[in-house]
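J.: Would you mind keeping the following structure in view while I ask a few things?
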Amino acid sequence: MSEPVKKPARKKVEVDPRFVNYKHVWVFIEAERGVVHPVSWELLGEGRKLADALGVELAGIVMGPPGERTRAICSEAFHYGADLCYLVQDEVLHDYRNEPYTKALTELVNTYQPEILMLGASTLGRDLAGSVATTLATGLVADCTELVIEAESRNLASTRPTFGGSLLCTIMTQRHRPQMATVRPRVMAMPEPDTSRTGRIVEHKVTLIESSIITKVLEYIPDNLQDKPQLPFADIIVAGGRGLKKQENFQLVWDLAKVLGAEIGASRPIVQAGWAELDRQVGQSGKTVRPKLYIAAGISGAIQHRVGMDGADVIIAINNDPNAPIFDFAHYGIVGNAMQVLPALTDAFRAQIAQARKAG
């Protein structure tokens with residue numbers, strides 16, 4: 001009988017001597033025209049845990065045009081866990097453009113030397129993170145689902161899906177600093193703000209010359225998202241998968257969602273089949289959600305879908321396969337035909353809601 005093969009111990013890699021003095025955890029606070037993206041507050045909540053584990057300070061990075069609103073964002077950052085804020089104000093930063101924001105953030109990092117820098121994996125954050133990681137010649141782990149500190153090395157262990165979402169891998173930037181990561185909205189929990197918290201503001205002046213910047217803002221056209229699905233911020237989501245068999249059966253998802261006042265979600269095969277629009281796709285290649293209630297009908301629970309919704313407070317799974325992976329992490333499971341269970345749930349919820357309204 002052969003002996004089991006032992007995995008070789010991971011070789012210890014020391015931080016490059018140039019970066020031994022890099023300390024503290026930073027979160028870039030994404031704000032456009034004075035409106036902060038919620039992912040920034042979510043990252044401050046996560047950053048607070050990382051900073052406490054390292055025994056260092058948590059800092060927010062605020063950039064924008066001179067004015068009270070830009071400075072006020074620092075106060076909000078303190079409420080969500082920051083100990084201090086680095087504030088860069090310049091009229092050139094009125095609208096986001098990659099070149100001036102990259103220059104400003106790169107200069108901040110080189111001056112104040114953080115060991116961790118996190119940004120939201122939004123359209124803006126992804127654009128900025130990639131260019132800043134390039135100018136700093138450091139590593140960047142994108143679309144992380146988990147961030148923890150390896151106690152022995154103080155390295156940031158960043159976990160993200162890989163191979164099309166079929167596997168999870170953990171990546172560390174061992175020799176270079178800062179260690180950079182992006183996280184999609186709603187992956188991390190939103191912390192409760194503490195309005196009693198205060199902190200200090202460090203103002204930093206960056207020389208930015210408008211005439212030297214190639215890109216110009218000709219007009220600002222705000223998005224009109226009133227008629228678009230808002231899955232990342234929905235309290236209740238009813239989602240359907242290919243276990244529904246036929247397109248007309250997807251209407252059962254809509255029926256239940258209408259009764260519950262819920263948003264409608266879908267797995268990737270449903271979107272690829274044209275049964276639902278892309279904005280309703282939940283998963284690694286779609287939206288990440290954290291509803292209070294997630295009802296999954298005919299969804300197997302493959303990791304590609306799981307990473308987009310397993311942060312829900314309560315998950316109810318409906319599947320006729322008792323061995324479906326989704327039952328491994330769902331809070332409640334119904335083994336049965338979704339085409340029969342969904343109408344029954346719709347009728348039951350409709351009756352319960354009507355009774356509650358009558359009693360009220």
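FYI, nothing fancy with the structure tokens labels: chains A, B, ... in order, residues from 1 per chain, ligands from 1 as they appear.
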As an NGL selection string, please: every residue in region 246-337 of chain A that DSSP puts in helix (DSSP H, G or I).
T.: :A and (247-260 or 268-272 or 278-280 or 303-309 or 325-328)
J.: When you look at Glu152 (chain A) with a cut-off of 12 Å (counting only C-alpha atoms), what residues show up, excluding the ones that are within fewer than 6 positions of it in the same chain? I need them as a PDB file with N, CA, C and O atoms, in the first residue's frame.
T.:
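What follows is the written file part_11.pdb:
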ATOM      1  N   LYS A  12       7.959  30.329   1.992  1.00  0.00           N
ATOM      2  CA  LYS A  12       7.740  31.657   2.560  1.00  0.00           C
ATOM      3  C   LYS A  12       8.421  32.699   1.691  1.00  0.00           C
ATOM      4  O   LYS A  12       9.590  32.588   1.354  1.00  0.00           O
ATOM      5  N   VAL A  13       7.642  33.722   1.316  1.00  0.00           N
ATOM      6  CA  VAL A  13       8.160  34.797   0.474  1.00  0.00           C
ATOM      7  C   VAL A  13       8.128  36.086   1.276  1.00  0.00           C
ATOM      8  O   VAL A  13       7.084  36.481   1.793  1.00  0.00           O
ATOM      9  N   GLU A  14       9.260  36.723   1.391  1.00  0.00           N
ATOM     10  CA  GLU A  14       9.357  37.962   2.157  1.00  0.00           C
ATOM     11  C   GLU A  14       8.953  39.159   1.298  1.00  0.00           C
ATOM     12  O   GLU A  14       9.137  39.170   0.077  1.00  0.00           O
ATOM     13  N   ALA A  53      -7.555  43.345  12.312  1.00  0.00           N
ATOM     14  CA  ALA A  53      -6.739  42.126  12.326  1.00  0.00           C
ATOM     15  C   ALA A  53      -5.253  42.456  12.228  1.00  0.00           C
ATOM     16  O   ALA A  53      -4.412  41.753  12.802  1.00  0.00           O
ATOM     17  N   LEU A  54      -4.923  43.526  11.529  1.00  0.00           N
ATOM     18  CA  LEU A  54      -3.525  43.933  11.356  1.00  0.00           C
ATOM     19  C   LEU A  54      -3.061  44.889  12.453  1.00  0.00           C
ATOM     20  O   LEU A  54      -1.862  45.149  12.585  1.00  0.00           O
ATOM     21  N   GLN A 174       2.583  38.745  -2.480  1.00  0.00           N
ATOM     22  CA  GLN A 174       3.495  38.512  -1.364  1.00  0.00           C
ATOM     23  C   GLN A 174       4.661  39.486  -1.291  1.00  0.00           C
ATOM     24  O   GLN A 174       5.095  39.860  -0.197  1.00  0.00           O
TER      25      GLN A 174
END
J.: Taking into account only C-alpha atoms, which residue in the set A:Gly243, A:Gly34, A:Gly333, A:Pro161 is nearest to Met63 (chain A)?
T.: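 Ranking A:Gly243, A:Gly34, A:Gly333, A:Pro161 by distance to Met63 (chain A), first place goes to A:Gly34.
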J.: Could you give me, as an MDAnalysis selection string, the residues within 9 Å of region 78-95 of chain A, counting only C-alpha atoms and dropping anything in the same chain fewer than 3 positions from it?
T.: chainID A and resid 26:27 32:33 41:42 44:45 47:48 57:67 70:71 73:75 100:101 104 108 191:210 217 220
J.: Take the selection from the previous step and output its residues with N, CA and C atoms, as a compact mmCIF listing (two decimals), in the first residue's frame.
T.:
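As a result, out.txt now contains:
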# COMPACT_ATOMS: atom_id res chain seq x y z
N TRP A 26 -6.56 50.96 3.09
CA TRP A 26 -7.24 52.06 2.42
C TRP A 26 -8.44 51.56 1.62
N VAL A 27 -9.47 52.40 1.58
CA VAL A 27 -10.63 52.15 0.72
C VAL A 27 -10.87 53.41 -0.12
N GLU A 32 -19.60 60.20 -7.44
CA GLU A 32 -19.80 60.93 -8.69
C GLU A 32 -20.82 62.02 -8.45
N ARG A 33 -20.39 63.25 -8.66
CA ARG A 33 -21.23 64.43 -8.45
C ARG A 33 -21.84 64.44 -7.05
N TRP A 41 -19.13 52.05 1.11
CA TRP A 41 -19.45 51.82 2.52
C TRP A 41 -19.33 50.34 2.87
N GLU A 42 -19.72 49.47 1.95
CA GLU A 42 -19.56 48.04 2.17
C GLU A 42 -18.08 47.68 2.36
N LEU A 44 -15.72 49.71 3.41
CA LEU A 44 -15.23 50.24 4.68
C LEU A 44 -15.57 49.27 5.82
N GLY A 45 -16.74 48.65 5.76
CA GLY A 45 -17.09 47.65 6.77
C GLY A 45 -16.13 46.49 6.75
N GLY A 47 -13.08 46.62 5.37
CA GLY A 47 -11.77 47.16 5.68
C GLY A 47 -11.54 47.33 7.18
N ARG A 48 -12.62 47.60 7.91
CA ARG A 48 -12.51 47.72 9.36
C ARG A 48 -12.03 46.41 9.98
N GLU A 57 -4.57 51.44 11.05
CA GLU A 57 -5.69 52.34 10.82
C GLU A 57 -6.37 52.04 9.49
N LEU A 58 -7.65 52.41 9.43
CA LEU A 58 -8.43 52.31 8.20
C LEU A 58 -8.65 53.72 7.66
N ALA A 59 -8.29 53.91 6.40
CA ALA A 59 -8.41 55.23 5.78
C ALA A 59 -9.32 55.19 4.57
N GLY A 60 -10.10 56.24 4.40
CA GLY A 60 -10.88 56.44 3.20
C GLY A 60 -10.17 57.42 2.29
N ILE A 61 -10.30 57.24 0.97
CA ILE A 61 -9.70 58.14 -0.01
C ILE A 61 -10.82 58.87 -0.71
N VAL A 62 -10.88 60.19 -0.54
CA VAL A 62 -11.96 60.99 -1.13
C VAL A 62 -11.35 61.97 -2.12
N MET A 63 -11.86 61.94 -3.35
CA MET A 63 -11.40 62.86 -4.39
C MET A 63 -12.60 63.52 -5.04
N GLY A 64 -12.43 64.78 -5.40
CA GLY A 64 -13.52 65.49 -6.05
C GLY A 64 -13.23 66.96 -6.16
N PRO A 65 -14.19 67.75 -6.66
CA PRO A 65 -14.00 69.19 -6.79
C PRO A 65 -14.02 69.87 -5.43
N PRO A 66 -13.40 71.03 -5.30
CA PRO A 66 -13.43 71.75 -4.01
C PRO A 66 -14.87 72.08 -3.63
N GLY A 67 -15.16 71.93 -2.33
CA GLY A 67 -16.50 72.27 -1.87
C GLY A 67 -16.90 71.51 -0.63
N THR A 70 -17.72 67.54 -1.03
CA THR A 70 -16.57 66.64 -1.10
C THR A 70 -16.01 66.40 0.29
N ARG A 71 -15.88 67.46 1.08
CA ARG A 71 -15.37 67.32 2.45
C ARG A 71 -16.35 66.54 3.32
N ILE A 73 -18.12 64.08 2.57
CA ILE A 73 -18.02 62.64 2.34
C ILE A 73 -17.04 62.02 3.33
N CYS A 74 -16.03 62.78 3.73
CA CYS A 74 -15.09 62.28 4.74
C CYS A 74 -15.81 61.98 6.05
N SER A 75 -16.71 62.87 6.46
CA SER A 75 -17.46 62.65 7.70
C SER A 75 -18.30 61.38 7.60
N PRO A 100 -6.42 61.85 -14.59
CA PRO A 100 -6.16 62.61 -13.36
C PRO A 100 -6.40 61.80 -12.09
N TYR A 101 -7.39 60.92 -12.10
CA TYR A 101 -7.65 60.10 -10.92
C TYR A 101 -6.52 59.11 -10.68
N ALA A 104 -3.56 61.09 -9.24
CA ALA A 104 -3.78 61.49 -7.85
C ALA A 104 -3.67 60.31 -6.90
N LEU A 108 -0.82 59.54 -4.00
CA LEU A 108 -1.20 59.31 -2.61
C LEU A 108 -0.55 58.03 -2.06
N PRO A 191 -22.32 47.88 6.54
CA PRO A 191 -22.23 48.11 7.98
C PRO A 191 -23.24 49.14 8.45
N GLU A 192 -23.58 49.06 9.73
CA GLU A 192 -24.46 50.06 10.32
C GLU A 192 -23.64 51.32 10.60
N PRO A 193 -24.07 52.48 10.12
CA PRO A 193 -23.29 53.69 10.37
C PRO A 193 -23.38 54.11 11.84
N ASP A 194 -22.28 54.60 12.36
CA ASP A 194 -22.21 55.13 13.73
C ASP A 194 -21.93 56.62 13.61
N THR A 195 -22.98 57.42 13.76
CA THR A 195 -22.85 58.86 13.54
C THR A 195 -22.05 59.56 14.63
N SER A 196 -21.71 58.84 15.68
CA SER A 196 -20.89 59.44 16.74
C SER A 196 -19.39 59.37 16.41
N ARG A 197 -19.01 58.57 15.41
CA ARG A 197 -17.60 58.42 15.09
C ARG A 197 -17.08 59.65 14.35
N THR A 198 -15.88 60.03 14.68
CA THR A 198 -15.19 61.12 13.99
C THR A 198 -13.78 60.65 13.62
N GLY A 199 -13.09 61.43 12.87
CA GLY A 199 -11.73 61.09 12.49
C GLY A 199 -10.99 62.32 12.02
N ARG A 200 -9.81 62.12 11.52
CA ARG A 200 -9.01 63.26 11.06
C ARG A 200 -8.92 63.25 9.54
N ILE A 201 -8.79 64.43 8.99
CA ILE A 201 -8.70 64.60 7.55
C ILE A 201 -7.30 65.06 7.19
N VAL A 202 -6.69 64.36 6.25
CA VAL A 202 -5.36 64.73 5.74
C VAL A 202 -5.55 65.25 4.32
N GLU A 203 -5.37 66.56 4.14
CA GLU A 203 -5.53 67.14 2.81
C GLU A 203 -4.22 67.03 2.04
N HIS A 204 -4.35 66.61 0.80
CA HIS A 204 -3.16 66.44 -0.05
C HIS A 204 -3.39 67.17 -1.37
N LYS A 205 -2.44 68.00 -1.70
CA LYS A 205 -2.52 68.78 -2.94
C LYS A 205 -1.79 68.07 -4.06
N VAL A 206 -2.51 67.81 -5.14
CA VAL A 206 -1.92 67.19 -6.33
C VAL A 206 -1.94 68.21 -7.46
N THR A 207 -0.87 68.32 -8.18
CA THR A 207 -0.81 69.26 -9.31
C THR A 207 -1.44 68.62 -10.54
N LEU A 208 -2.60 69.12 -10.91
CA LEU A 208 -3.32 68.61 -12.07
C LEU A 208 -3.59 69.77 -13.02
N ILE A 209 -3.17 69.64 -14.26
CA ILE A 209 -3.33 70.71 -15.25
C ILE A 209 -4.30 70.24 -16.33
N GLU A 210 -5.41 70.94 -16.44
CA GLU A 210 -6.47 70.52 -17.38
C GLU A 210 -5.96 70.40 -18.80
N VAL A 217 -14.55 66.26 -20.83
CA VAL A 217 -15.96 66.01 -20.57
C VAL A 217 -16.77 67.04 -21.34
N TYR A 220 -22.62 65.91 -19.44
CA TYR A 220 -22.95 64.90 -18.44
C TYR A 220 -24.39 64.46 -18.67
J.: For each of A:Thr288, A:Ser131, A:Gln304, A:Gln251, take the minimum atom-to-atom distance to Phe163 (chain A), counting only C-alpha atoms, then give the residue where this is smallest.
T.: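 Checking each candidate against Phe163 (chain A), we get A:Gln304 as the closest.
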J.: Find the spatial neighbours of Arg268 (chain A), counting only C-alpha atoms, within a cut-off of 8 Å - ignore same-chain residues fewer than 5 positions away - and output them as a list in words.
T.: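 Those residues are Gly241, Gln281, Val282, Gly283, Ser285, Gly286 and His305 of chain A.
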J.: Running DSSP on the backbone, which parts of region 30-236 of chain A land in strand (DSSP E), as a ChimeraX atom specification?
T.: /A:31-32,35-36,58-64,84-89,116-120,140-144,146-150,155-162,167-171,179-183,200-203,236
J.: Please determine, counting only C-alpha atoms, which residue among A:Leu117, A:Ala181, A:Ile264, A:Ala129 has the shortest atom-to-atom distance to His24 (chain A).
T.: A:Leu117
J.: Mind pulling up the distance from CA of Phe19 (chain A) to CA of Leu136 (chain A)?
T.: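 Going from CA of Leu136 (chain A) over to CA of Phe19 (chain A), I get 11.8 Å.
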J.: Just the residues within 12 Å of Cys169 (chain A), please, counting only C-alpha atoms, with nothing from its chain fewer than 3 positions along; format it as a PyMOL selection string.
T.: chain A and resi 141-147+157-166+172
J.: Restricting the output to C-alpha atoms, write the selected residues as a PDB file, in the first residue's frame.
T.:
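Written file, again_16.pdb:
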ATOM      1  CA  VAL A 141      -7.128  40.614  -7.527  1.00  0.00           C
ATOM      2  CA  ALA A 142     -10.446  41.452  -9.167  1.00  0.00           C
ATOM      3  CA  ASP A 143     -14.013  40.554  -8.208  1.00  0.00           C
ATOM      4  CA  CYS A 144     -13.161  39.096  -4.799  1.00  0.00           C
ATOM      5  CA  THR A 145     -15.762  37.238  -2.769  1.00  0.00           C
ATOM      6  CA  GLU A 146     -13.729  36.963   0.456  1.00  0.00           C
ATOM      7  CA  LEU A 147     -10.849  38.911   2.014  1.00  0.00           C
ATOM      8  CA  ALA A 157      -5.662  36.443   1.064  1.00  0.00           C
ATOM      9  CA  SER A 158      -8.124  37.376  -1.677  1.00  0.00           C
ATOM     10  CA  THR A 159     -10.570  34.719  -2.848  1.00  0.00           C
ATOM     11  CA  ARG A 160     -12.319  34.921  -6.199  1.00  0.00           C
ATOM     12  CA  PRO A 161     -14.022  32.586  -8.688  1.00  0.00           C
ATOM     13  CA  THR A 162     -11.937  31.320 -11.583  1.00  0.00           C
ATOM     14  CA  PHE A 163     -12.266  29.034 -14.639  1.00  0.00           C
ATOM     15  CA  GLY A 164     -15.603  30.558 -15.541  1.00  0.00           C
ATOM     16  CA  GLY A 165     -16.765  30.459 -11.935  1.00  0.00           C
ATOM     17  CA  SER A 166     -16.360  26.696 -11.566  1.00  0.00           C
ATOM     18  CA  MET A 172      -1.827  36.750  -2.407  1.00  0.00           C
TER      19      MET A 172
END
J.: Rank nothing, just name the residue among A:Arg186, A:Lys246, A:His331, A:Lys216 nearest to Gly298 (chain A), using only C-alpha atoms.
T.: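 Closest to Gly298 (chain A) of all the choices is A:Lys246.
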J.: Counting only C-alpha atoms, what is within 10 Å of region 337-339 of chain A, bar same-chain residues fewer than 3 positions away, as a list in words?
T.: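 The filter keeps Gly240, Gly241, Gly243, Leu244, Lys245, Asn249, Phe250, Leu252, Val253, Ala296, Ala297, Gly298, Ile299, Ala317, Ile318, Asn319, Asn320, Asp321, Ile334, Leu342, Pro343 and Ala344 of chain A.
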